[in-house]
Amino acid sequence: MESMEQQLADLRQRIQTLEGRAPSNKISMIAFSGDMDKVLASFVIATGAAAMGMEVVMFFTFWGTPVLRDKAKKAGGKDTMGKMFGAMLPKGACEVKLSKMNMAGLGTAMMKSLMKKKNVADLEQMLALADELGVRIFVCEMSMDLMGLKREEIIDYQNLSYCGVAKFLEEANDSRVQLFI
Amino acid sequence: MESMEQQLADLRQRIQTLEGRAPSNKISMIAFSGDMDKVLASFVIATGAAAMGMEVVMFFTFWGTPVLRDKAKKAGGKDTMGKMFGAMLPKGACEVKLSKMNMAGLGTAMMKSLMKKKNVADLEQMLALADELGVRIFVCEMSMDLMGLKREEIIDYQNLSYCGVAKFLEEANDSRVQLFI
Amino acid sequence: MESMEQQLADLRQRIQTLEGRAPSNKISMIAFSGDMDKVLASFVIATGAAAMGMEVVMFFTFWGTPVLRDKAKKAGGKDTMGKMFGAMLPKGACEVKLSKMNMAGLGTAMMKSLMKKKNVADLEQMLALADELGVRIFVCEMSMDLMGLKREEIIDYQNLSYCGVAKFLEEANDSRVQLFI
């Protein structure tokens with residue numbers, strides 16, 4: 001009998017280990033690109049997943065970071081390099097461009113007009129929807145620093161915080177799906 | 001004794017839950033890019049995985065969609081925007097270009113000639129092989145709509161169907177490997 | 001009693017199957033892009049993951065392969081095509097360029113100077129750190145062949161070996177996180 005109890009305890013231990021290692025019903029995405037098409041794709045996936053009841057985490061890094069700038073906000077105290085980058089990078093979701101066929105803005109404008117006609121939400125609407133659905137946004141601190149972006153120029157978004165690569169890895173490790181976009 | 005039976009039932013329940021959550025031996029890829037090199041990479045992975053006995057699912061979205069056009073097929077009833085996009089986008093796997101060093105077509109031609117010389121299958125052969133190996137292809141309906149593509153201009157492929165983001169998430173959730181290409 | 005033993009054996013079997021299918025604490029990345037920003041991102045993730053105790057595997061393929069060239073090494077016996085590609089492709093980690101805003105080298109130079117100022121390790125330092133932390137590097141043989149690269153021009157790196165797509169799939173299948181970069 002003793003041995004039977006022992007066996008059960010052993011199995012229980014192994015099951016507990018497996019349960020601890022099983023990922024959550026979660027998707028983690030790295031939004032690296034600042035291209036309109038790719039950012040759009042990441043938000044279509046993010047809002048779709050959230051609507052299906054999945055937990056969603058997005059990590060904005062490098063060219064993805066300026067997508068989160070609020071065009072109505074201003075940040076002072078930038079050095080020359082920061083000002084130059086600030087002027088060259090898109091100022092928020094309404095200024096991002098297509099990765100292909102941008103054709104000096106014509107292709108991007110065509111795509112935006114098409115999206116309106118076909119009732120596809122634009123990036124600013126997607127951001128609002130993601131916020132409503134509880135999609136969590138993390139912003140890479142190293143990228144903010146490299147591009148001279150300040151926290152006071154970032155959009156208002158409920159579940160937004162700043163982090164490093166360790167936080168991403170922690171979330172990705174606990175996710176069923178991970179994508180680098 | 002009763003309690004022993006109870007403990008066994010409890011463990012059985014926990015194991016069943018774990019089994020239900022464990023992903024299948026499957027790989028899900030989003031073919032977002034229409035660049036020859038990236039599409040080629042996705043098909044090398046797809047046919048390799050299928051040959052190893054994995055289940056393979058590819059989701060063609062955005063710039064990836066026109067790769068599936070059949071150059072011998074024509075679609076009528078397009079509006080002006082649809083015709084413009086139709087003319088600008090590559091017409092199938094034989095027209096896609098390198099993401100880098102395209103050099104007005106020279107780089108792409110060099111790469112194609114190299115692939116032939118080195119016995120690397122080209123995209124059209126890859127598609128036929130993928131079809132034979134049972135690789136499933138899903139085409140994003142929103143992308144088809146945005147780019148004005150019609151179903152009658154898509155290639156003949158056995159396991160091809162049209163879907164939205166929910167279908168991708170369902171498959172990705174049940175996959176061991178997921179890639180955004 | 002016999003039946004109880006039987007039930008335990010059955011559960012043990014199911015647990016063993018689950019344990020066999022559970023992925024290792026590992027991250028597998030495909031380094032497809034040769035862009036400085038993307039290669040940098042992959043090394044930030046690689047060294048971060050290794051520092052956190054994860055096993056890390058990087059697969060260098062296509063444009064990623066020339067990043068591993070050693071500028072101090074030379075390889076003979078190349079055909080014309082190989083020499084042409086050799087001249088056009090970046091010669092190692094110090095020659096890669098930004099995917100955006102390269103501006104004839106100015107943007108890339110700005111980014112490098114910024115990284116120095118902000119104490120972000122450059123690619124060559126990242127490679128050395130990755131080597132030290134035991135990050136394993138696999139190089140795609142088909143890409144080496146296509147681009148006419150020879151093994152004797154590849155950097156010195158302890159855990160570097162050459163492989164095909166099957167090796168990547170095997171590692172990816174056993175990883176908690178997979179990214180295509």
# chains A, B, ... in the order shown; residues from 1 in each chain; ligands from 1
>>> residues_around(residues="segment 53-56 of chain C", least_positions_apart="6", cutoff="7 Å", atoms="only C-alpha atoms", output="list of chain:residue names")
C:Asn25, C:Lys26, C:Ile27, C:Ser28, C:Ala46, C:Val135, C:Arg136
>>> write_last_selection(atoms="N, CA and C atoms", output="short mmCIF file (atom, residue, chain, number, x, y, z; two decimals), in the first residue's frame")
data_model
loop_
_atom_site.label_atom_id
_atom_site.label_comp_id
_atom_site.auth_asym_id
_atom_site.auth_seq_id
_atom_site.Cartn_x
_atom_site.Cartn_y
_atom_site.Cartn_z
N ASN C 25 13.83 24.43 -22.58
CA ASN C 25 13.94 25.85 -22.27
C ASN C 25 14.91 26.48 -23.27
N LYS C 26 14.44 26.58 -24.51
CA LYS C 26 15.32 26.91 -25.62
C LYS C 26 14.65 27.91 -26.56
N ILE C 27 15.45 28.77 -27.20
CA ILE C 27 14.93 29.67 -28.22
C ILE C 27 15.71 29.43 -29.52
N SER C 28 14.96 29.29 -30.62
CA SER C 28 15.56 29.10 -31.94
C SER C 28 15.23 30.29 -32.82
N ALA C 46 19.39 36.94 -28.29
CA ALA C 46 20.21 35.76 -28.07
C ALA C 46 21.03 35.87 -26.78
N VAL C 135 26.05 30.54 -27.04
CA VAL C 135 25.03 30.57 -28.09
C VAL C 135 25.53 29.74 -29.27
N ARG C 136 24.72 28.78 -29.74
CA ARG C 136 25.12 27.94 -30.86
C ARG C 136 24.71 28.60 -32.18
#
>>> interface_residues(of="chain A", to="chain C", cutoff="9 Å", atoms="only C-alpha atoms", output="ChimeraX atom specification")
/A:4,7-8,11,14-15,18,21-23,32,61-63,81,88,142,145-147,165-166,168-169,172-181
>>> select_by_dssp(residues="segment 34-124 of chain C", states="strand (DSSP E)", output="list in words")
Glu55, Val56, Val57, Met58, Phe59 and Phe60 of chain C
>>> residues_around(residues="Thr80 of chain C", least_positions_apart="3", cutoff="12 Å", atoms="only C-alpha atoms", output="list in words")
Met110 and Leu114 of chain B; Gly76, Gly77, Lys83, Met84, Phe85, Gly86, Ala87, Met147 and Gly148 of chain C
>>> write_last_selection(atoms="C-alpha atoms", output="PDB file, in the first residue's frame")
ATOM      1  CA  MET B 110      21.368  36.223 -61.368  1.00  0.00           C
ATOM      2  CA  LEU B 114      22.360  30.452 -59.763  1.00  0.00           C
TER       3      LEU B 114
ATOM      4  CA  GLY C  76      40.176  31.255 -53.210  1.00  0.00           C
ATOM      5  CA  GLY C  77      38.740  29.054 -55.924  1.00  0.00           C
ATOM      6  CA  LYS C  83      33.360  36.627 -56.934  1.00  0.00           C
ATOM      7  CA  MET C  84      30.599  39.055 -57.969  1.00  0.00           C
ATOM      8  CA  PHE C  85      28.399  38.105 -55.013  1.00  0.00           C
ATOM      9  CA  GLY C  86      31.442  38.205 -52.774  1.00  0.00           C
ATOM     10  CA  ALA C  87      32.161  41.775 -53.795  1.00  0.00           C
ATOM     11  CA  MET C 147      26.137  32.997 -52.505  1.00  0.00           C
ATOM     12  CA  GLY C 148      29.419  31.334 -53.312  1.00  0.00           C
TER      13      GLY C 148
END
>>> select_by_dssp(residues="segment 2-179 of chain A", states="alpha helix (DSSP H)", output="ChimeraX atom specification")
/A:2-21,36-51,80-88,106-117,123-132,141-146,165-173
>>> atom_distance(atom1="atom CA of Glu152 of chain C", atom2="atom CA of Ile137 of chain C")
16.0 Å
>>> residues_around(residues="Lys97 of chain A", least_positions_apart="5", cutoff="6 Å", atoms="only C-alpha atoms", output="VMD selection string")
chain A and resid 35 to 36 108
>>> residues_around(residues="Cys163 of chain A", least_positions_apart="3", cutoff="7 Å", atoms="only C-alpha atoms", output="mmCIF file with all heavy atoms, in the first residue's frame")
data_model
loop_
_atom_site.group_PDB
_atom_site.id
_atom_site.type_symbol
_atom_site.label_atom_id
_atom_site.label_comp_id
_atom_site.auth_asym_id
_atom_site.auth_seq_id
_atom_site.Cartn_x
_atom_site.Cartn_y
_atom_site.Cartn_z
ATOM 1 N N PHE A 138 4.315 46.754 -24.507
ATOM 2 C CA PHE A 138 5.591 47.032 -23.868
ATOM 3 C C PHE A 138 6.446 47.808 -24.860
ATOM 4 O O PHE A 138 6.465 47.486 -26.045
ATOM 5 C CB PHE A 138 6.307 45.737 -23.477
ATOM 6 C CG PHE A 138 5.686 45.041 -22.305
ATOM 7 C CD1 PHE A 138 4.734 44.051 -22.491
ATOM 8 C CD2 PHE A 138 6.035 45.386 -21.002
ATOM 9 C CE1 PHE A 138 4.141 43.411 -21.404
ATOM 10 C CE2 PHE A 138 5.459 44.747 -19.915
ATOM 11 C CZ PHE A 138 4.509 43.753 -20.111
ATOM 12 N N VAL A 139 7.157 48.804 -24.374
ATOM 13 C CA VAL A 139 8.039 49.581 -25.245
ATOM 14 C C VAL A 139 9.478 49.341 -24.806
ATOM 15 O O VAL A 139 9.798 49.427 -23.612
ATOM 16 C CB VAL A 139 7.703 51.086 -25.175
ATOM 17 C CG1 VAL A 139 8.478 51.850 -26.232
ATOM 18 C CG2 VAL A 139 6.206 51.315 -25.330
ATOM 19 N N CYS A 140 10.321 49.034 -25.778
ATOM 20 C CA CYS A 140 11.721 48.718 -25.507
ATOM 21 C C CYS A 140 12.479 49.973 -25.091
ATOM 22 O O CYS A 140 12.569 50.943 -25.860
ATOM 23 C CB CYS A 140 12.338 48.121 -26.776
ATOM 24 S SG CYS A 140 14.125 47.960 -26.708
ATOM 25 N N GLU A 141 13.022 49.958 -23.884
ATOM 26 C CA GLU A 141 13.715 51.143 -23.364
ATOM 27 C C GLU A 141 14.984 51.469 -24.144
ATOM 28 O O GLU A 141 15.294 52.636 -24.364
ATOM 29 C CB GLU A 141 14.063 50.915 -21.887
ATOM 30 C CG GLU A 141 12.859 51.154 -21.003
ATOM 31 C CD GLU A 141 13.191 51.056 -19.529
ATOM 32 O OE1 GLU A 141 13.957 50.138 -19.175
ATOM 33 O OE2 GLU A 141 12.687 51.871 -18.757
ATOM 34 N N LYS A 167 12.070 41.044 -20.099
ATOM 35 C CA LYS A 167 10.606 41.007 -19.956
ATOM 36 C C LYS A 167 9.983 40.317 -21.167
ATOM 37 O O LYS A 167 9.063 39.502 -21.026
ATOM 38 C CB LYS A 167 10.070 42.438 -19.809
ATOM 39 C CG LYS A 167 8.564 42.524 -19.640
ATOM 40 C CD LYS A 167 8.123 41.907 -18.324
ATOM 41 C CE LYS A 167 6.606 41.792 -18.253
ATOM 42 N NZ LYS A 167 6.186 40.857 -17.193
#
>>> residues_around(residues="segment 127-134 of chain A", least_positions_apart="6", cutoff="7 Å", atoms="only C-alpha atoms", output="list in words")
Thr47, Ala50, Tyr157 and Gln158 of chain A
>>> atom_distance(atom1="atom CA of Ile154 of chain B", atom2="atom CA of Leu68 of chain B")
5.7 Å
>>> closest_residue(among="C:Asp10, C:Glu95, C:Phe60, C:Gly34", to="Gly164 of chain C", atoms="only C-alpha atoms")
C:Phe60
>>> atom_distance(atom1="atom CA of Asp156 of chain A", atom2="atom CA of Asp70 of chain A")
7.9 Å
